[in-house]
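A.B. asks: Here you go, structure_15.txt (compact mmCIF, C-alpha atoms):
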# COMPACT_ATOMS: atom_id res chain seq x y z
CA MET A 1 -21.86 45.81 -103.74
CA ALA A 2 -21.66 44.02 -100.42
CA LYS A 3 -24.64 42.05 -99.23
CA LYS A 4 -26.58 43.61 -96.35
CA HIS A 5 -26.86 40.40 -94.36
CA GLU A 6 -23.34 39.12 -94.99
CA ARG A 7 -21.94 37.61 -91.80
CA LYS A 8 -18.60 38.78 -90.54
CA PRO A 9 -16.13 36.06 -89.52
CA VAL A 10 -16.04 35.54 -85.78
CA VAL A 11 -12.56 36.23 -84.43
CA GLU A 12 -11.79 33.94 -81.54
CA ASP A 13 -9.82 35.70 -78.81
CA GLU A 14 -6.75 34.05 -77.33
CA LYS A 15 -8.37 33.14 -73.98
CA THR A 16 -11.37 31.47 -75.64
CA ARG A 17 -9.10 29.58 -77.99
CA ARG A 18 -6.92 28.42 -75.10
CA ASP A 19 -9.98 27.28 -73.13
CA ASN A 20 -11.24 25.32 -76.14
CA VAL A 21 -7.86 23.61 -76.52
CA ILE A 22 -7.79 22.68 -72.81
CA GLY A 23 -11.30 21.28 -73.10
CA SER A 24 -10.30 19.22 -76.13
CA ARG A 25 -7.23 17.85 -74.32
CA LEU A 26 -9.34 16.85 -71.33
CA LEU A 27 -11.90 15.13 -73.55
CA ALA A 28 -9.13 13.26 -75.40
CA LEU A 29 -7.56 12.04 -72.14
CA LEU A 30 -10.97 11.13 -70.74
CA ALA A 31 -11.71 9.05 -73.84
CA LEU A 32 -8.37 7.23 -73.49
CA SER A 33 -8.96 6.64 -69.76
CA VAL A 34 -12.45 5.23 -70.32
CA LEU A 35 -11.16 3.01 -73.13
CA TYR A 36 -8.38 1.68 -70.91
CA ILE A 37 -10.85 0.97 -68.08
CA PHE A 38 -13.02 -1.05 -70.50
CA ILE A 39 -9.92 -2.99 -71.60
CA LEU A 40 -9.09 -3.68 -67.94
CA MET A 41 -12.65 -4.91 -67.35
CA PHE A 42 -12.26 -7.31 -70.27
CA LEU A 43 -8.93 -8.57 -68.89
CA TYR A 44 -10.33 -9.00 -65.39
CA ASN A 45 -13.34 -10.95 -66.61
CA SER A 46 -11.12 -13.10 -68.82
CA ILE A 47 -8.61 -13.94 -66.09
CA THR A 48 -11.18 -14.62 -63.39
CA GLY A 49 -13.41 -16.62 -65.76
CA ILE A 50 -13.09 -20.25 -66.77
CA THR A 51 -13.14 -20.30 -70.56
CA ASN A 52 -11.04 -17.25 -71.48
CA ILE A 53 -8.10 -17.49 -69.06
CA VAL A 54 -5.49 -18.18 -71.78
CA MET A 55 -6.86 -15.38 -73.96
CA GLY A 56 -6.81 -12.99 -70.98
CA PHE A 57 -3.15 -13.64 -70.13
CA THR A 58 -2.20 -13.44 -73.82
CA ALA A 59 -3.97 -10.07 -74.04
CA ILE A 60 -1.97 -8.83 -71.02
CA LYS A 61 1.31 -9.60 -72.82
CA VAL A 62 0.11 -8.01 -76.05
CA ILE A 63 -0.97 -4.83 -74.21
CA PHE A 64 2.41 -4.65 -72.47
CA TYR A 65 4.31 -4.82 -75.78
CA VAL A 66 1.92 -2.28 -77.32
CA SER A 67 2.60 0.04 -74.38
CA ILE A 68 6.36 -0.20 -75.04
CA ALA A 69 5.82 0.73 -78.71
CA LEU A 70 3.55 3.66 -77.78
CA LEU A 71 6.04 4.88 -75.17
CA ALA A 72 8.88 4.79 -77.71
CA ALA A 73 6.75 6.60 -80.32
CA SER A 74 5.69 9.28 -77.83
CA ALA A 75 9.33 9.79 -76.75
CA VAL A 76 10.35 10.31 -80.40
CA PHE A 77 7.37 12.64 -80.88
CA PHE A 78 8.40 14.63 -77.80
CA ILE A 79 12.05 14.92 -78.91
CA VAL A 80 11.13 15.95 -82.47
CA ARG A 81 8.73 18.63 -81.21
CA ARG A 82 11.40 19.98 -78.85
CA ALA A 83 14.10 19.88 -81.53
CA LYS A 84 11.91 21.79 -83.98
CA LYS A 85 10.82 24.18 -81.19
CA THR A 86 7.19 23.66 -82.20
CA ASP A 87 4.73 26.07 -80.60
CA GLU A 88 2.33 23.70 -78.80
CA GLN A 89 0.25 26.32 -77.01
CA PHE A 90 -2.81 25.63 -79.15
CA LYS A 91 -2.06 22.01 -80.07
CA ILE A 92 -4.50 19.41 -78.79
CA VAL A 93 -1.82 16.71 -78.77
CA THR A 94 1.49 17.94 -77.33
CA GLY A 95 4.78 16.13 -76.94
CA GLY A 96 4.78 16.44 -73.15
CA ASN A 97 1.18 15.28 -72.71
CA ALA A 98 1.65 12.32 -75.04
CA LEU A 99 4.85 11.22 -73.28
CA ALA A 100 3.33 11.55 -69.79
CA THR A 101 0.19 9.66 -70.84
CA PHE A 102 2.06 6.71 -72.31
CA ILE A 103 4.51 6.57 -69.40
CA VAL A 104 1.47 5.98 -67.17
CA PHE A 105 0.10 3.46 -69.70
CA PHE A 106 3.43 1.59 -69.75
CA ALA A 107 3.75 1.58 -65.94
CA ALA A 108 0.18 0.30 -65.57
CA SER A 109 0.72 -2.41 -68.19
CA ALA A 110 3.98 -3.51 -66.55
CA LEU A 111 2.28 -3.83 -63.14
CA ILE A 112 -0.57 -5.82 -64.67
CA LEU A 113 1.90 -8.12 -66.42
CA LYS A 114 3.58 -8.85 -63.08
CA TYR A 115 0.63 -8.90 -60.67
CA ASP A 116 -2.37 -9.42 -63.03
CA VAL A 117 -5.65 -9.39 -61.01
CA ALA A 118 -4.36 -7.35 -58.05
CA ALA A 119 -2.87 -4.71 -60.36
CA ILE A 120 -6.03 -4.53 -62.48
CA LYS A 121 -8.07 -3.72 -59.36
CA LEU A 122 -5.51 -1.06 -58.44
CA MET A 123 -5.80 0.55 -61.88
CA TYR A 124 -9.54 1.02 -61.34
CA VAL A 125 -8.45 3.68 -58.83
CA VAL A 126 -5.16 4.91 -60.32
CA ILE A 127 -6.47 5.76 -63.81
CA PRO A 128 -9.42 7.92 -62.63
CA VAL A 129 -7.14 9.67 -60.11
CA TRP A 130 -4.59 10.30 -62.89
CA PHE A 131 -7.28 11.95 -65.03
CA LEU A 132 -8.60 13.97 -62.07
CA ILE A 133 -5.14 15.34 -61.24
CA TYR A 134 -4.55 16.28 -64.88
CA MET A 135 -7.92 18.07 -64.96
CA ILE A 136 -7.02 19.98 -61.79
CA TYR A 137 -3.67 20.92 -63.32
CA LYS A 138 -5.39 22.42 -66.33
CA LEU A 139 -8.40 24.09 -64.73
CA TYR A 140 -7.59 25.06 -61.14
CA VAL A 141 -5.04 27.29 -59.42
CA ARG A 142 -1.62 25.73 -59.11
CA GLU A 143 -1.68 25.36 -55.31
CA PHE A 144 -4.72 23.07 -55.52
CA PHE A 145 -2.81 20.90 -58.00
CA THR A 146 0.06 20.72 -55.49
CA VAL A 147 -2.35 19.77 -52.68
CA SER A 148 -4.05 17.16 -54.90
CA LEU A 149 -0.77 15.60 -56.00
CA THR A 150 0.43 15.44 -52.38
CA ALA A 151 -2.84 13.87 -51.24
CA ALA A 152 -2.82 11.29 -54.05
CA ILE A 153 0.81 10.26 -53.55
CA GLY A 154 0.47 10.40 -49.76
CA GLY A 155 -2.63 8.20 -49.87
CA GLY A 156 -0.83 5.68 -52.06
CA LEU A 157 2.18 5.58 -49.74
CA LEU A 158 -0.02 5.21 -46.67
CA TYR A 159 -1.73 2.24 -48.30
CA PHE A 160 1.68 0.75 -49.12
CA MET A 161 2.84 1.16 -45.51
CA TYR A 162 -0.48 -0.25 -44.30
CA ARG A 163 0.11 -3.41 -46.32
CA LEU A 164 3.57 -3.69 -44.78
CA SER A 165 2.23 -3.15 -41.27
CA PHE A 166 -0.58 -5.65 -41.86
CA ALA A 167 2.00 -8.28 -42.83
CA THR A 168 4.33 -7.55 -39.91
CA ALA A 169 2.40 -6.06 -36.99
CA GLY A 170 -1.09 -7.35 -37.76
CA VAL A 171 -4.26 -5.30 -37.88
CA ASP A 172 -4.24 -4.01 -34.28
CA GLY A 173 -0.55 -4.21 -33.40
CA SER A 174 1.96 -1.39 -33.21
CA PHE A 175 4.16 -0.99 -36.25
CA SER A 176 7.26 -0.37 -34.12
CA SER A 177 6.97 -3.76 -32.38
CA ALA A 178 7.54 -5.62 -35.65
CA LEU A 179 9.48 -3.02 -37.63
CA LYS A 180 12.32 -4.52 -39.67
CA SER A 181 15.13 -2.81 -41.55
CA PHE A 182 13.19 -3.07 -44.83
CA GLU A 183 10.12 -1.29 -43.40
CA THR A 184 12.26 1.17 -41.45
CA GLY A 185 13.97 2.29 -44.66
CA PHE A 186 10.66 3.16 -46.31
CA PHE A 187 9.43 4.82 -43.13
CA VAL A 188 12.43 7.15 -42.95
CA ILE A 189 12.49 7.88 -46.71
CA PHE A 190 8.82 8.88 -46.78
CA ILE A 191 9.18 11.23 -43.81
CA VAL A 192 12.27 12.82 -45.39
CA LEU A 193 10.35 13.33 -48.66
CA ALA A 194 7.51 15.04 -46.78
CA VAL A 195 9.98 17.33 -45.00
CA LEU A 196 11.67 18.18 -48.31
CA GLU A 197 8.27 19.05 -49.80
CA CYS A 198 7.61 21.45 -46.92
CA ILE A 199 11.01 23.07 -47.51
CA MET A 200 10.20 23.53 -51.21
CA ILE A 201 6.83 25.05 -50.32
CA ALA A 202 8.56 27.48 -47.94
CA LEU A 203 11.02 28.46 -50.69
CA ALA A 204 8.18 28.92 -53.18
CA LYS A 205 6.40 31.20 -50.71
CA LYS A 206 9.38 33.55 -50.85
CA ASN A 207 9.44 33.49 -54.68
CA ASP A 208 5.77 34.19 -55.53
CA GLY A 209 4.97 30.51 -55.96
CA HIS A 210 8.08 29.55 -57.95
CA LEU A 211 10.60 27.05 -56.63
CA THR A 212 13.44 29.46 -57.45
CA LYS A 213 13.69 33.19 -58.13
CA SER A 214 13.75 32.50 -61.87
CA LYS A 215 10.36 33.09 -63.51
CA THR A 216 10.94 30.06 -65.75
CA SER A 217 11.17 27.71 -62.75
CA LYS A 218 8.32 25.40 -61.82
CA ARG A 219 5.36 27.07 -60.13
CA ILE A 220 3.69 25.18 -57.28
CA ALA A 221 1.40 28.01 -56.14
CA SER A 222 -0.14 31.19 -57.52
CA PRO A 223 1.35 34.57 -56.45
CA ASN A 224 -1.36 35.30 -53.84
CA ALA A 225 -1.86 31.74 -52.65
CA GLN A 226 -2.89 30.62 -49.18
CA TYR A 227 -0.03 28.32 -48.15
CA ALA A 228 -1.61 26.63 -45.14
CA PRO A 229 -3.27 23.80 -47.17
CA LEU A 230 0.05 23.05 -48.87
CA PHE A 231 1.66 22.39 -45.48
CA ILE A 232 -1.36 20.55 -44.00
CA ALA A 233 -1.38 17.73 -46.60
CA PRO A 234 2.21 16.51 -45.92
CA ALA A 235 1.69 17.14 -42.19
CA ILE A 236 -1.28 14.72 -42.17
CA PHE A 237 0.86 12.16 -43.99
CA VAL A 238 3.74 12.43 -41.50
CA ALA A 239 1.39 12.39 -38.50
CA CYS A 240 -0.17 9.13 -39.72
CA LEU A 241 3.26 7.54 -40.16
CA VAL A 242 4.36 8.58 -36.66
CA VAL A 243 1.14 7.42 -34.97
CA SER A 244 1.40 4.10 -36.85
CA LEU A 245 4.44 3.28 -34.72
CA PHE A 246 1.99 2.78 -31.86
CA TYR A 247 -1.19 1.85 -33.75
CA SER A 248 -0.70 0.52 -37.28
CA GLN A 249 -4.40 0.74 -38.21
CA ILE A 250 -4.08 4.55 -38.36
CA LEU A 251 -2.36 4.09 -41.74
CA PHE A 252 -5.66 2.86 -43.20
CA TYR A 253 -7.71 5.60 -41.57
CA GLY A 254 -5.15 8.17 -42.69
CA ILE A 255 -6.04 7.48 -46.33
CA PHE A 256 -9.61 8.62 -45.64
CA VAL A 257 -8.38 11.62 -43.65
CA LEU A 258 -6.29 12.74 -46.62
CA ALA A 259 -9.21 12.09 -48.99
CA GLY A 260 -11.54 14.11 -46.72
CA PHE A 261 -9.07 16.99 -46.56
CA TRP A 262 -8.73 16.94 -50.35
CA PHE A 263 -12.53 17.01 -50.77
CA ILE A 264 -12.81 20.06 -48.51
CA MET A 265 -10.11 21.77 -50.57
CA PHE A 266 -11.93 20.79 -53.77
CA ILE A 267 -15.08 22.55 -52.58
CA TYR A 268 -13.10 25.59 -51.43
CA TYR A 269 -11.08 26.04 -54.63
CA THR A 270 -14.14 25.41 -56.79
CA TYR A 271 -15.92 28.20 -54.92
CA VAL A 272 -12.89 30.49 -55.36
CA MET A 273 -12.71 29.71 -59.07
CA MET A 274 -16.44 30.38 -59.57
CA LYS A 275 -16.11 33.80 -57.89
CA LYS A 276 -13.56 34.96 -60.45
Do you think you could lay out the structure here as structure tokens?
C.D. replies:
Amino acid sequence: MAKKHERKPVVEDEKTRRDNVIGSRLLALLALSVLYIFILMFLYNSITGITNIVMGFTAIKVIFYVSIALLAASAVFFIVRRAKKTDEQFKIVTGGNALATFIVFFAASALILKYDVAAIKLMYVVIPVWFLIYMIYKLYVREFFTVSLTAAIGGGLLYFMYRLSFATAGVDGSFSSALKSFETGFFVIFIVLAVLECIMIALAKKNDGHLTKSKTSKRIASPNAQYAPLFIAPAIFVACLVVSLFYSQILFYGIFVLAGFWFIMFIYYTYVMMKK
């Protein structure tokens, strides 16, 4: 005879299970990001201190070699999972996520090995932005991920061009007055990349957010997306580059313009997501 108060097992529906997996992935990446930031703080304090300089530079080399080993292991893990055609829909650790994470870890470690203190300061920004973009990719509509990625890369490139202009034109000079072939090459390449992105966005608009008509192609926007923000982000980037030919300081201000535009979009897409 069955007990009257016997509890029935709770059956977790697919959406709840998927949400729980996404939450676990975000928590795992957040834990790794925080751990890496603490390691960077230790390295920075060691290098800039007096007593632990040798230990700090030794730790940088050790971390670089560890990053190579982790990258190789994640690549093998990715290949094995793909070869076995493992269903990773509800896996907390996936081959793609592991490989992408340790590619970033390796790139960061390589930069720190080469530029030490300057690169460590840069990672204080890059690592949180990396986590934020991954969170947006998992939680928000795809067009906001595209806008965020464009704003992050565009901001980084504007800072890079600002450093070039600072070295050549000075703070208040025009970039064009001191533009050399090296800087000109980057200038043209970045504008071409922004134009190509706009072309891809236009193609995606015709294919319900997909880059091609195939449903398996990469999606950069949802089917009913508003495409104006996707064009505005690269347009701001190109406008800053063009104006910098006459006033190089606009490159620095452009970073904050892109950040401000992204923040407005963050509020908008958060509101849209909460309405659903």
A.B. asks: Using only C-alpha atoms, pick whichever of A:Ile189, A:Val104, A:Cys240, A:Ile220 has the shortest atom-to-atom distance to Leu203 (chain A).
C.D. replies: A:Ile220
A.B. asks: Applying 10 Å and only C-alpha atoms, which residues near Tyr253 (chain A) remain after dropping the ones on its own chain fewer than 6 positions away? List them as a PyMOL selection string.
C.D. replies: chain A and resi 158-159+162+240+259
A.B. asks: Quick one: of A:Leu26, A:Val117, A:Ile68, A:Ile255, who's nearest to Ile133 (chain A), counting all atoms listed in the file?
C.D. replies: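 Going through A:Leu26, A:Val117, A:Ile68, A:Ile255 one by one, the smallest distance to Ile133 (chain A) is for A:Leu26.
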A.B. asks: For Ala202 (chain A), please output as a list in words all residues within 12 Å (counting all atoms listed in the file; exclusion window: fewer than 2 positions along the same chain).
C.D. replies: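 Counting all atoms listed in the file, the residues come to Val195, Leu196, Glu197, Cys198, Ile199, Met200, Ala204, Lys205, Lys206, Asn207, Asp208, Gly209, His210, Leu211, Thr212, Ile220, Ala221, Gln226, Tyr227, Ala228, Leu230 and Phe231 of chain A.
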A.B. asks: Closest to Tyr140 (chain A) among A:Ser222, A:Phe252, A:Ala98, A:Gly260, using all atoms listed in the file?
C.D. replies: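 Of A:Ser222, A:Phe252, A:Ala98, A:Gly260, the one nearest Tyr140 (chain A), counting all atoms listed in the file, is A:Ser222.
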